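Scroll down for the structure; my scribbles are underneath it.
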Amino acid sequence: MTRAEGVAAEKTSFMDLALAAARAAGDAGEVPIGCVVVRDGVVVAAAGNRTLADRDPTAHAEMVAIRAACAVLGSERLPDCDLYVTLEPCPMCAAAISLARIRRLYYAAGDPKGGAVESGVRLFASPTCHHRPEVYSGIGETAAAEILRRFFRERR
């Protein structure tokens with residue numbers, strides 16, 4: 001295995017954990033989005049959406065995972081951390097990623113309707129954005145999109 005293949009395999013395994021968190025959120029009746037925060041190759045926090053369970057519109061997977069990672073690491077900044085999420089972050093989550101100073105963002109499926117990274121407002125491209133993480137999209141896209149399609153198809 002080449003170094004590039006090893007890096008790709010590592011990213012896939014972290015996205016697999018985010019996909020598992022998405023499935024668990026869906027099983028709990030939440031919109032199935034999952035997120036993992038990683039530092040130095042170690043998972044610091046993982047979460048799925050919890051808006052219904054917490055009765056909190058800000059309890060998106062990214063927000064819950066960022067809060068947990070900050071608590072674990074004892075800091076409001078996560079500059080050495082990477083975030084893996086199954087759907088392109090919304091404006092709120094993209095802003096939190098920026099404010100937390102996340103180093104790299106990996107997301108699976110794009111969200112043309114609600115995303116804010118490569119869709120919609122493109123928050124990181126804004127001149128007023130304080131911090132821009134490196135962004136990588138499409139990792140695990142097919143699986144993430146299928147989890148979301150299945151969830152919404154079952155509710156129709």
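If you're wondering about the labels, chains in the structure tokens are A, B, ... by order shown, residues count from 1 in each chain, ligands from 1 in order shown.
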
Please identify all polymer residues within 10 Å of Arg150 in chain A, counting only C-alpha atoms, omitting same-chain residues fewer than 4 positions from it, and present them as a PyMOL selection string. chain A and resi 26+32+145-146+154-155

Keeping only C-alpha atoms, take the residues you just selected and write them out as a PDB file, in the first residue's frame.
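Output saved as result_12.pdb:
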ATOM      1  CA  GLY A  26     -31.485   7.873  11.975  1.00  0.00           C
ATOM      2  CA  PRO A  32     -29.171  10.817   9.875  1.00  0.00           C
ATOM      3  CA  ALA A 145     -26.523  10.018   0.292  1.00  0.00           C
ATOM      4  CA  GLU A 146     -28.123   6.566   0.476  1.00  0.00           C
ATOM      5  CA  GLU A 154     -39.351   5.773   4.813  1.00  0.00           C
ATOM      6  CA  ARG A 155     -41.032   8.904   6.177  1.00  0.00           C
TER       7      ARG A 155
END

Mind the document's chain letters and residue numbers, and return as a PyMOL selection string the residues of range 70-122 of chain A that DSSP labels strand (DSSP E). chain A and resi 81-87+104-109

Helix (DSSP H, G or I) call set, DSSP backbone run, range 47-135 of chain A, as a PyMOL selection string: chain A and resi 51-54+61-73+91-99+123-125

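The two atoms in question, CA of Arg50 in chain A and CA of Cys35 in chain A, are spaced 11.6 Å apart.
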
What's around range 99-115 of chain A at 8 Å? Count only C-alpha atoms, leave out sequence neighbours fewer than 6 positions away in its own chain, and write the answer as a VMD selection string. chain A and resid 15 66 76 to 91 121 to 122 130 to 142 144 to 145

Please compute the CA of Gly120 in chain A-CA of Val37 in chain A distance, one decimal, in Å.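 Between CA of Gly120 in chain A and CA of Val37 in chain A the gap is 24.0 Å.
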
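When only C-alpha atoms are used to compute distances to Gly74 in chain A, the closest of the residues A:Val117, A:Ala59, A:Ala25, A:Val44 turns out to be A:Val44.
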